[in-house]
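Scroll down for the structure; my scribbles are underneath it.
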Amino acid sequence: AVVVDSAGRTASDTGTTTAGQPAVPEKPTAKRHHAVVHHRRADGDYDGLLLRTADGTTARFAGRDAYGAFAWITPGAGTGEIRFTIEKDGVADGPERVFDLATTGEVWTEENSATVRKARPTSAYPPQDQEKAVLHYHRPDGDYDGWGLHTWTGSADPPEWNDPVPPVREDSFGLVFEVPLSEGAASLSYILHKKEEKDVPDDEALDFSLYGHEVWRVAGDPAYLTPSPGGAFALDLSTTEATWIGDDTVVWAGDGSGVASQQLVYATEGDLTIDDGALSDEGQWLRLVPAELTEAQRSRFPQYTEYSAFRVDPRDRDRVGQALEARLIATQRADSGALLGATGVRIEGNRPEGTSK
């Protein structure tokens with residue numbers, strides 16, 4: 001885990017070496033169980049669509065979601081850059097594309113475009129029904145006979161073990177389960193099973209704040225295939241997806257789901273870069289807490305009224321002036337401290353209103 005001291009310096013709580021010297025922590029990075037490629041065609045025809053990587057791995061676009069179709073592969077240890085093409089009935093559906101697995105495990109592409117989007121295009125996904133959880137379940141062997149879903153915490157009507165929740169349908173990906181939720185449920189506890197055979201040994205829980213209310217799972221792997229943990233932006237310091245509007249407030253498009261924490265990061269000396277999915281140096285942090293734009297802010301910045309807003313934690317506000325003098329980066333992290341998103345911060349005005357330092 002990563003801890004932050006009163007000066008905004010970060011450190012690991014991993015302890016000391018046997019010689020009594022501080023241990024050098026290993027930087028946490030997001031664990032990529034799968035690489036998922038989403039693809040959209042104008043005609044909506046995804047039959048015969050195939051993903052082919054430069055090393056010869058192939059995968060069908062068996063998944064379906066609101067964006068279009070998706071395929072997935074399981075990369076080997078140490079995999080970095082993934083180059084791939086998409087074929088429709090043996091004919092290339094656009095040029096070769098590429099992405100870095102260290103920065104993202106899930107990307108979005110379109111027919112005849114070289115663009116590879118690293119951040120989830122929220123405009124392509126309609127608002128989810130907050131009153132139910134939807135779980136898609138894929139078995140590589142295609143045998144779904146007898147498999148059902150046992151639920152308890154968060155479920156409006158928990159079933160008996162021998163009478164599990166049945167799937168509402170089966171599609172090209174696999175089984176689809178829909179579970180009505182109890183009022184105010186923050187998560188759903190569940191077990192996928194066939195009589196006494198469990199899909200994975202441990203009980204599972206879907207955290208809605210991290211993954212939303214709809215997920216896709218592959219048999220034997222508790223990590224969700226999609227959505228993968230991730231926030232409003234990708235790991236790309238050449239972009240400026242966040243905006244500082246003064247009054248200790250920063251905004252960006254997209255919600256805060258998929259991340260455990262968000263912060264502003266700066267370095268008092270040198271510059272910060274991204275190396276193998278982590279920052280070259282953890283720098284100094286201004287912790288952020290979710291906030292609502294004030295009426296005055298909405299009036300000054302009407303273009304950001306639909307954006308998510310975050311305010312600097314009161315414990316860190318004495319360093320706002322120092323941070324604004326440096327290159328400011330907005331970051332999003334998993335509960336392990338692994339970096340999920342990083343982008344530059346645009347400063348609205350030379351000295352935003354409300355900044356006293």
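Residue numbers start at 1 in each chain; chains themselves are named A, B, ... in the order of the structure tokens; ligands are numbered from 1 in the order shown.
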Within 10 Å of Asp145 of chain A, counting only C-alpha atoms, which residues show up once you throw out same-chain ones fewer than 3 positions away? Write them as a PDB file with N, CA, C and O atoms, in the first residue's frame, please.
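Result file around29.pdb:
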ATOM      1  N   GLY A 142     -17.793 -24.270 -23.461  1.00  0.00           N
ATOM      2  CA  GLY A 142     -19.147 -24.127 -23.976  1.00  0.00           C
ATOM      3  C   GLY A 142     -20.204 -24.929 -23.244  1.00  0.00           C
ATOM      4  O   GLY A 142     -21.373 -24.954 -23.659  1.00  0.00           O
ATOM      5  N   GLY A 148     -25.426 -22.040 -12.300  1.00  0.00           N
ATOM      6  CA  GLY A 148     -26.304 -20.991 -11.801  1.00  0.00           C
ATOM      7  C   GLY A 148     -25.549 -20.060 -10.883  1.00  0.00           C
ATOM      8  O   GLY A 148     -24.336 -20.184 -10.683  1.00  0.00           O
ATOM      9  N   LYS A 194     -22.230 -25.113  -9.957  1.00  0.00           N
ATOM     10  CA  LYS A 194     -23.045 -26.191 -10.513  1.00  0.00           C
ATOM     11  C   LYS A 194     -23.126 -27.255  -9.426  1.00  0.00           C
ATOM     12  O   LYS A 194     -22.162 -27.987  -9.195  1.00  0.00           O
TER      13      LYS A 194
END
What's around Gly277 of chain A at 12 Å? Count only C-alpha atoms, leave out sequence neighbours fewer than 2 positions away in its own chain, and write the answer as a tab-separated table (two decimals) with N, CA and C atoms, in the first residue's frame.
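Contents of the output file selection-v1.tsv:
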chain	number	residue	atom	x	y	z
A	27	LYS	N	7.35	-0.62	-7.06
A	27	LYS	CA	6.20	0.19	-7.45
A	27	LYS	C	5.05	-0.72	-7.89
A	28	PRO	N	3.89	-0.54	-7.29
A	28	PRO	CA	2.76	-1.36	-7.72
A	28	PRO	C	2.30	-0.97	-9.11
A	29	THR	N	1.96	-1.95	-9.91
A	29	THR	CA	1.41	-1.70	-11.23
A	29	THR	C	0.14	-2.53	-11.40
A	30	ALA	N	-0.74	-2.07	-12.26
A	30	ALA	CA	-1.99	-2.78	-12.49
A	30	ALA	C	-1.72	-4.16	-13.07
A	31	LYS	N	-2.38	-5.17	-12.53
A	31	LYS	CA	-2.22	-6.53	-13.00
A	31	LYS	C	-3.17	-6.79	-14.17
A	32	ARG	N	-2.62	-7.14	-15.31
A	32	ARG	CA	-3.43	-7.35	-16.51
A	32	ARG	C	-3.63	-8.85	-16.75
A	80	GLY	N	4.68	-6.45	-23.46
A	80	GLY	CA	4.62	-5.00	-23.47
A	80	GLY	C	3.71	-4.50	-24.56
A	81	GLU	N	4.28	-4.11	-25.67
A	81	GLU	CA	3.51	-3.59	-26.78
A	81	GLU	C	2.78	-4.72	-27.51
A	100	ASP	N	0.06	-0.37	-25.57
A	100	ASP	CA	1.02	-0.83	-24.57
A	100	ASP	C	0.26	-1.44	-23.40
A	101	LEU	N	0.47	-2.73	-23.16
A	101	LEU	CA	-0.25	-3.42	-22.10
A	101	LEU	C	0.10	-2.86	-20.73
A	102	ALA	N	1.26	-2.24	-20.57
A	102	ALA	CA	1.63	-1.68	-19.28
A	102	ALA	C	0.75	-0.49	-18.90
A	103	THR	N	0.19	0.18	-19.90
A	103	THR	CA	-0.62	1.36	-19.62
A	103	THR	C	-2.11	1.08	-19.62
A	104	THR	N	-2.55	0.03	-20.31
A	104	THR	CA	-3.97	-0.30	-20.31
A	104	THR	C	-4.17	-1.74	-20.78
A	105	GLY	N	-5.19	-2.38	-20.23
A	105	GLY	CA	-5.51	-3.73	-20.66
A	105	GLY	C	-6.78	-3.79	-21.48
A	234	ALA	N	-6.47	7.63	-19.60
A	234	ALA	CA	-5.45	6.60	-19.70
A	234	ALA	C	-4.13	7.11	-19.13
A	235	LEU	N	-3.09	6.28	-19.19
A	235	LEU	CA	-1.75	6.69	-18.77
A	235	LEU	C	-1.07	7.39	-19.93
A	236	ASP	N	-1.24	8.70	-19.98
A	236	ASP	CA	-0.69	9.46	-21.12
A	236	ASP	C	-0.45	10.90	-20.68
A	237	LEU	N	0.79	11.22	-20.37
A	237	LEU	CA	1.12	12.55	-19.87
A	237	LEU	C	1.22	13.58	-21.00
A	273	THR	N	7.72	11.13	-15.45
A	273	THR	CA	7.40	10.40	-16.67
A	273	THR	C	6.74	9.09	-16.27
A	274	ILE	N	6.22	8.38	-17.27
A	274	ILE	CA	5.63	7.06	-17.02
A	274	ILE	C	6.58	6.01	-17.54
A	275	ASP	N	6.90	5.05	-16.69
A	275	ASP	CA	7.83	3.98	-17.04
A	275	ASP	C	7.24	2.65	-16.59
A	279	LEU	N	4.73	5.88	-12.36
A	279	LEU	CA	5.44	7.13	-12.46
A	279	LEU	C	6.92	6.91	-12.15
A	280	SER	N	7.78	7.67	-12.82
A	280	SER	CA	9.21	7.56	-12.58
A	280	SER	C	9.55	7.91	-11.13
A	281	ASP	N	8.76	8.76	-10.53
A	281	ASP	CA	8.91	9.12	-9.12
A	281	ASP	C	7.52	9.45	-8.59
A	333	ARG	N	-5.84	5.74	-9.06
A	333	ARG	CA	-5.14	4.55	-8.59
A	333	ARG	C	-6.11	3.48	-8.10
A	337	GLY	N	-2.54	0.92	-4.91
A	337	GLY	CA	-1.67	2.03	-5.25
A	337	GLY	C	-1.23	2.01	-6.70
A	338	ALA	N	-1.59	0.96	-7.44
A	338	ALA	CA	-1.22	0.87	-8.85
A	338	ALA	C	-1.85	2.00	-9.65
A	339	LEU	N	-1.09	2.54	-10.58
A	339	LEU	CA	-1.55	3.64	-11.39
A	339	LEU	C	-2.51	3.15	-12.47
A	340	LEU	N	-3.71	3.73	-12.50
A	340	LEU	CA	-4.71	3.36	-13.50
A	340	LEU	C	-4.88	4.43	-14.56
A	341	GLY	N	-4.66	5.68	-14.19
A	341	GLY	CA	-4.81	6.79	-15.12
A	341	GLY	C	-3.89	7.92	-14.73
A	342	ALA	N	-3.33	8.62	-15.73
A	342	ALA	CA	-2.47	9.78	-15.47
A	342	ALA	C	-2.54	10.71	-16.66
Residues of segment 177-267 of chain A that approach segment 129-136 of chain A to 9 Å or less, counting only C-alpha atoms: could you list each one with the shortest pair of atoms and its distance in Å to one decimal, rows by chain and increasing residue number, as CSV?
residue,atom,partner,partner_atom,distance
A:Phe177,CA,A:Leu135,CA,5.1
A:Glu178,CA,A:Val134,CA,4.6
A:Val179,CA,A:Ala133,CA,5.1
A:Pro180,CA,A:Lys132,CA,4.3
A:Leu181,CA,A:Lys132,CA,5.1
A:Ser182,CA,A:Glu131,CA,7.6
A:Glu183,CA,A:Glu131,CA,7.6
A:Gly184,CA,A:Glu131,CA,8.7
A:Ala185,CA,A:Glu131,CA,8.7
A:Leu188,CA,A:Ala133,CA,7.7
A:Leu206,CA,A:Ala133,CA,8.7
A:Phe208,CA,A:Ala133,CA,8.7
A:Gly212,CA,A:Ala133,CA,8.5
A:His213,CA,A:Ala133,CA,4.8
A:Glu214,CA,A:Val134,CA,4.6
A:Val215,CA,A:Leu135,CA,5.2
A:Trp216,CA,A:His136,CA,4.5
A:Arg217,CA,A:His136,CA,6.0
A:Val218,CA,A:His136,CA,8.5
Could you write out that same residue set with all heavy atoms as a short mmCIF file (atom, residue, chain, number, x, y, z; two decimals), in the first residue's frame?
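For reference, selection.cif as written:
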data_model
loop_
_atom_site.label_atom_id
_atom_site.label_comp_id
_atom_site.auth_asym_id
_atom_site.auth_seq_id
_atom_site.Cartn_x
_atom_site.Cartn_y
_atom_site.Cartn_z
N PHE A 177 -26.77 -13.34 -16.32
CA PHE A 177 -27.55 -13.35 -15.09
C PHE A 177 -27.94 -11.92 -14.72
O PHE A 177 -27.12 -11.00 -14.84
CB PHE A 177 -26.74 -13.94 -13.93
CG PHE A 177 -26.34 -15.38 -14.13
CD1 PHE A 177 -25.12 -15.72 -14.68
CD2 PHE A 177 -27.20 -16.41 -13.74
CE1 PHE A 177 -24.75 -17.05 -14.86
CE2 PHE A 177 -26.84 -17.74 -13.91
CZ PHE A 177 -25.61 -18.06 -14.47
N GLU A 178 -29.17 -11.74 -14.28
CA GLU A 178 -29.63 -10.45 -13.79
C GLU A 178 -30.15 -10.63 -12.37
O GLU A 178 -31.00 -11.50 -12.12
CB GLU A 178 -30.72 -9.88 -14.69
CG GLU A 178 -30.22 -9.55 -16.10
CD GLU A 178 -31.28 -8.86 -16.95
OE1 GLU A 178 -32.43 -8.70 -16.47
OE2 GLU A 178 -30.95 -8.48 -18.09
N VAL A 179 -29.65 -9.81 -11.44
CA VAL A 179 -29.97 -9.96 -10.02
C VAL A 179 -30.58 -8.67 -9.49
O VAL A 179 -29.88 -7.64 -9.41
CB VAL A 179 -28.72 -10.31 -9.20
CG1 VAL A 179 -29.09 -10.51 -7.74
CG2 VAL A 179 -28.03 -11.55 -9.76
N PRO A 180 -31.86 -8.65 -9.11
CA PRO A 180 -32.44 -7.47 -8.45
C PRO A 180 -31.71 -7.20 -7.14
O PRO A 180 -31.39 -8.13 -6.39
CB PRO A 180 -33.90 -7.87 -8.21
CG PRO A 180 -34.16 -8.97 -9.20
CD PRO A 180 -32.86 -9.71 -9.31
N LEU A 181 -31.44 -5.92 -6.87
CA LEU A 181 -30.65 -5.55 -5.70
C LEU A 181 -31.51 -4.98 -4.58
O LEU A 181 -32.57 -4.39 -4.82
CB LEU A 181 -29.60 -4.51 -6.10
CG LEU A 181 -28.59 -4.94 -7.17
CD1 LEU A 181 -27.73 -3.76 -7.60
CD2 LEU A 181 -27.73 -6.09 -6.68
N SER A 182 -31.01 -5.15 -3.36
CA SER A 182 -31.66 -4.53 -2.22
C SER A 182 -31.39 -3.02 -2.26
O SER A 182 -30.42 -2.56 -2.86
CB SER A 182 -31.13 -5.12 -0.90
OG SER A 182 -29.72 -4.98 -0.83
N GLU A 183 -32.24 -2.24 -1.65
CA GLU A 183 -32.13 -0.79 -1.70
C GLU A 183 -30.81 -0.33 -1.10
O GLU A 183 -30.42 -0.73 -0.01
CB GLU A 183 -33.29 -0.15 -0.95
CG GLU A 183 -33.32 1.36 -1.05
CD GLU A 183 -34.55 1.97 -0.40
OE1 GLU A 183 -35.41 1.19 0.07
OE2 GLU A 183 -34.65 3.21 -0.34
N GLY A 184 -30.10 0.52 -1.86
CA GLY A 184 -28.84 1.09 -1.37
C GLY A 184 -27.66 0.13 -1.39
O GLY A 184 -26.60 0.43 -0.82
N ALA A 185 -27.78 -1.01 -2.06
CA ALA A 185 -26.69 -2.00 -2.08
C ALA A 185 -25.44 -1.40 -2.71
O ALA A 185 -25.49 -0.78 -3.77
CB ALA A 185 -27.12 -3.23 -2.86
N LEU A 188 -22.46 -6.79 -4.47
CA LEU A 188 -23.22 -8.04 -4.55
C LEU A 188 -22.27 -9.20 -4.28
O LEU A 188 -21.27 -9.38 -4.99
CB LEU A 188 -23.85 -8.22 -5.93
CG LEU A 188 -24.57 -9.56 -6.15
CD1 LEU A 188 -25.83 -9.63 -5.30
CD2 LEU A 188 -24.90 -9.77 -7.64
N LEU A 206 -18.99 -8.22 -6.14
CA LEU A 206 -18.93 -7.18 -7.16
C LEU A 206 -19.11 -5.83 -6.49
O LEU A 206 -20.18 -5.54 -5.95
CB LEU A 206 -20.02 -7.41 -8.21
CG LEU A 206 -20.27 -6.28 -9.21
CD1 LEU A 206 -19.01 -5.95 -9.99
CD2 LEU A 206 -21.41 -6.67 -10.16
N PHE A 208 -19.76 -2.16 -6.80
CA PHE A 208 -20.35 -1.30 -7.82
C PHE A 208 -19.56 -0.01 -8.02
O PHE A 208 -19.54 0.55 -9.12
CB PHE A 208 -21.80 -0.97 -7.47
CG PHE A 208 -22.67 -2.19 -7.29
CD1 PHE A 208 -23.58 -2.26 -6.24
CD2 PHE A 208 -22.57 -3.27 -8.15
CE1 PHE A 208 -24.37 -3.38 -6.06
CE2 PHE A 208 -23.35 -4.39 -7.99
CZ PHE A 208 -24.26 -4.45 -6.94
N GLY A 212 -19.01 -0.82 -11.62
CA GLY A 212 -20.34 -0.59 -12.14
C GLY A 212 -21.25 -1.77 -11.87
O GLY A 212 -20.92 -2.68 -11.12
N HIS A 213 -22.41 -1.80 -12.52
CA HIS A 213 -23.42 -2.82 -12.26
C HIS A 213 -23.46 -3.93 -13.31
O HIS A 213 -24.30 -4.83 -13.21
CB HIS A 213 -24.80 -2.17 -12.16
CG HIS A 213 -25.02 -1.42 -10.89
ND1 HIS A 213 -24.36 -0.26 -10.57
CD2 HIS A 213 -25.83 -1.69 -9.82
CE1 HIS A 213 -24.75 0.17 -9.39
NE2 HIS A 213 -25.63 -0.68 -8.91
N GLU A 214 -22.55 -3.88 -14.31
CA GLU A 214 -22.54 -4.92 -15.33
C GLU A 214 -21.10 -5.34 -15.61
O GLU A 214 -20.25 -4.49 -15.91
CB GLU A 214 -23.20 -4.45 -16.62
CG GLU A 214 -23.31 -5.53 -17.68
CD GLU A 214 -24.14 -5.11 -18.87
OE1 GLU A 214 -24.35 -3.89 -19.06
OE2 GLU A 214 -24.60 -5.99 -19.63
N VAL A 215 -20.82 -6.64 -15.50
CA VAL A 215 -19.46 -7.15 -15.69
C VAL A 215 -19.48 -8.42 -16.53
O VAL A 215 -20.51 -9.08 -16.65
CB VAL A 215 -18.78 -7.45 -14.33
CG1 VAL A 215 -18.57 -6.17 -13.54
CG2 VAL A 215 -19.58 -8.46 -13.52
N TRP A 216 -18.32 -8.74 -17.09
CA TRP A 216 -18.12 -9.95 -17.88
C TRP A 216 -17.03 -10.79 -17.21
O TRP A 216 -15.96 -10.27 -16.86
CB TRP A 216 -17.71 -9.60 -19.30
CG TRP A 216 -18.83 -9.14 -20.19
CD1 TRP A 216 -19.43 -9.85 -21.20
CD2 TRP A 216 -19.49 -7.86 -20.19
NE1 TRP A 216 -20.41 -9.11 -21.81
CE2 TRP A 216 -20.46 -7.88 -21.21
CE3 TRP A 216 -19.35 -6.70 -19.42
CZ2 TRP A 216 -21.29 -6.79 -21.49
CZ3 TRP A 216 -20.17 -5.61 -19.69
CH2 TRP A 216 -21.12 -5.67 -20.72
N ARG A 217 -17.28 -12.09 -17.03
CA ARG A 217 -16.36 -13.00 -16.33
C ARG A 217 -16.05 -14.22 -17.18
O ARG A 217 -16.92 -14.72 -17.91
CB ARG A 217 -17.00 -13.48 -15.03
CG ARG A 217 -16.74 -12.59 -13.84
CD ARG A 217 -15.54 -13.09 -13.07
NE ARG A 217 -15.90 -14.16 -12.14
CZ ARG A 217 -15.69 -15.46 -12.37
NH1 ARG A 217 -15.16 -15.87 -13.50
NH2 ARG A 217 -16.02 -16.36 -11.46
N VAL A 218 -14.81 -14.70 -17.11
CA VAL A 218 -14.41 -15.93 -17.77
C VAL A 218 -14.23 -17.00 -16.70
O VAL A 218 -13.66 -16.74 -15.63
CB VAL A 218 -13.10 -15.74 -18.56
CG1 VAL A 218 -12.61 -17.07 -19.11
CG2 VAL A 218 -13.31 -14.75 -19.69
#
Taking only residues of segment 111-156 of chain A that have an atom at most 8 Å from an atom of segment 50-67 of chain A, what is each one's shortest atom pair and its distance in Å to one decimal, using only C-alpha atoms, in chain and number order, as JSON lines?
{"residue": "A:Ala124", "atom": "CA", "partner": "A:Tyr67", "partner_atom": "CA", "distance": 5.7}
{"residue": "A:Tyr125", "atom": "CA", "partner": "A:Ala66", "partner_atom": "CA", "distance": 5.7}
{"residue": "A:Pro126", "atom": "CA", "partner": "A:Ala66", "partner_atom": "CA", "distance": 7.6}
Check your understanding: What's the 9 Å shell around Val107 of chain A, counting only C-alpha atoms, without same-chain residues fewer than 5 positions away, as a PyMOL selection string?
Key -> chain A and resi 35-39+99+116-120
Take the residues just selected and output them with all heavy atoms as a compact mmCIF listing (two decimals), in the first residue's frame.
# COMPACT_ATOMS: atom_id res chain seq x y z
N ALA A 35 -5.97 -8.93 -22.21
CA ALA A 35 -5.97 -7.77 -23.08
C ALA A 35 -7.27 -7.83 -23.87
O ALA A 35 -7.54 -8.82 -24.55
CB ALA A 35 -4.76 -7.79 -24.02
N VAL A 36 -8.08 -6.81 -23.75
CA VAL A 36 -9.41 -6.79 -24.36
C VAL A 36 -9.47 -5.70 -25.44
O VAL A 36 -9.10 -4.55 -25.18
CB VAL A 36 -10.50 -6.53 -23.30
CG1 VAL A 36 -11.89 -6.56 -23.95
CG2 VAL A 36 -10.42 -7.54 -22.17
N VAL A 37 -9.91 -6.07 -26.62
CA VAL A 37 -10.04 -5.13 -27.73
C VAL A 37 -11.51 -5.04 -28.11
O VAL A 37 -12.13 -6.03 -28.52
CB VAL A 37 -9.21 -5.58 -28.96
CG1 VAL A 37 -9.46 -4.63 -30.14
CG2 VAL A 37 -7.73 -5.62 -28.61
N HIS A 38 -12.08 -3.85 -27.95
CA HIS A 38 -13.46 -3.57 -28.38
C HIS A 38 -13.42 -3.00 -29.80
O HIS A 38 -12.52 -2.24 -30.15
CB HIS A 38 -14.12 -2.54 -27.46
CG HIS A 38 -14.27 -2.98 -26.04
ND1 HIS A 38 -15.47 -3.43 -25.53
CD2 HIS A 38 -13.37 -3.04 -25.03
CE1 HIS A 38 -15.31 -3.73 -24.26
NE2 HIS A 38 -14.05 -3.51 -23.91
N HIS A 39 -14.41 -3.37 -30.60
CA HIS A 39 -14.45 -2.89 -31.99
C HIS A 39 -15.88 -2.53 -32.36
O HIS A 39 -16.83 -3.24 -32.00
CB HIS A 39 -13.92 -3.96 -32.93
CG HIS A 39 -13.69 -3.47 -34.33
ND1 HIS A 39 -12.77 -2.49 -34.64
CD2 HIS A 39 -14.25 -3.84 -35.51
CE1 HIS A 39 -12.77 -2.28 -35.94
NE2 HIS A 39 -13.67 -3.08 -36.49
N PHE A 99 -1.07 -1.03 -28.94
CA PHE A 99 -1.19 -0.40 -27.63
C PHE A 99 -0.21 -1.06 -26.67
O PHE A 99 0.30 -2.16 -26.92
CB PHE A 99 -2.63 -0.47 -27.09
CG PHE A 99 -3.11 -1.86 -26.72
CD1 PHE A 99 -3.06 -2.32 -25.42
CD2 PHE A 99 -3.65 -2.70 -27.69
CE1 PHE A 99 -3.51 -3.59 -25.09
CE2 PHE A 99 -4.11 -3.97 -27.37
CZ PHE A 99 -4.04 -4.41 -26.06
N VAL A 116 -6.64 4.10 -31.50
CA VAL A 116 -6.86 3.14 -30.41
C VAL A 116 -7.13 3.94 -29.14
O VAL A 116 -6.23 4.61 -28.62
CB VAL A 116 -5.63 2.22 -30.22
CG1 VAL A 116 -5.86 1.27 -29.04
CG2 VAL A 116 -5.34 1.43 -31.49
N ARG A 117 -8.35 3.88 -28.67
CA ARG A 117 -8.72 4.64 -27.47
C ARG A 117 -8.39 3.82 -26.23
O ARG A 117 -8.77 2.65 -26.12
CB ARG A 117 -10.21 4.99 -27.48
CG ARG A 117 -10.62 5.86 -28.64
CD ARG A 117 -12.06 6.30 -28.52
NE ARG A 117 -12.30 7.08 -27.31
CZ ARG A 117 -13.40 7.79 -27.09
NH1 ARG A 117 -14.36 7.81 -27.99
NH2 ARG A 117 -13.54 8.46 -25.98
N LYS A 118 -7.70 4.46 -25.28
CA LYS A 118 -7.32 3.77 -24.06
C LYS A 118 -8.33 3.98 -22.94
O LYS A 118 -8.37 3.22 -21.98
CB LYS A 118 -5.95 4.26 -23.60
CG LYS A 118 -4.84 4.05 -24.61
CD LYS A 118 -3.53 4.65 -24.10
CE LYS A 118 -2.44 4.56 -25.16
NZ LYS A 118 -1.18 5.21 -24.68
N ALA A 119 -9.11 5.04 -23.03
CA ALA A 119 -10.09 5.34 -21.99
C ALA A 119 -11.48 4.92 -22.46
O ALA A 119 -11.82 5.05 -23.65
CB ALA A 119 -10.09 6.83 -21.65
N ARG A 120 -12.28 4.42 -21.56
CA ARG A 120 -13.62 3.94 -21.87
C ARG A 120 -14.47 5.10 -22.41
O ARG A 120 -14.62 6.12 -21.74
CB ARG A 120 -14.26 3.37 -20.60
CG ARG A 120 -15.61 2.69 -20.79
CD ARG A 120 -16.09 2.14 -19.45
NE ARG A 120 -17.32 1.40 -19.56
CZ ARG A 120 -17.41 0.11 -19.88
NH1 ARG A 120 -16.31 -0.58 -20.12
NH2 ARG A 120 -18.56 -0.51 -19.94
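Among A:Gly8, A:Gly48, A:Gly283, A:Pro229, the residue with the shortest atom-to-atom distance to Val259 of chain A, counting only C-alpha atoms, is A:Pro229.
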Point to revise | Among the residues A:Asp199, A:Val168, A:Ser187, A:Val289, the one that comes closest to Trp147 of chain A [using only C-alpha atoms] | key: A:Asp199
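Nearest residue to Pro121 of chain A, choosing from A:Asp163, A:Asp335, A:Glu106, A:Glu325 and counting only C-alpha atoms: A:Glu106.
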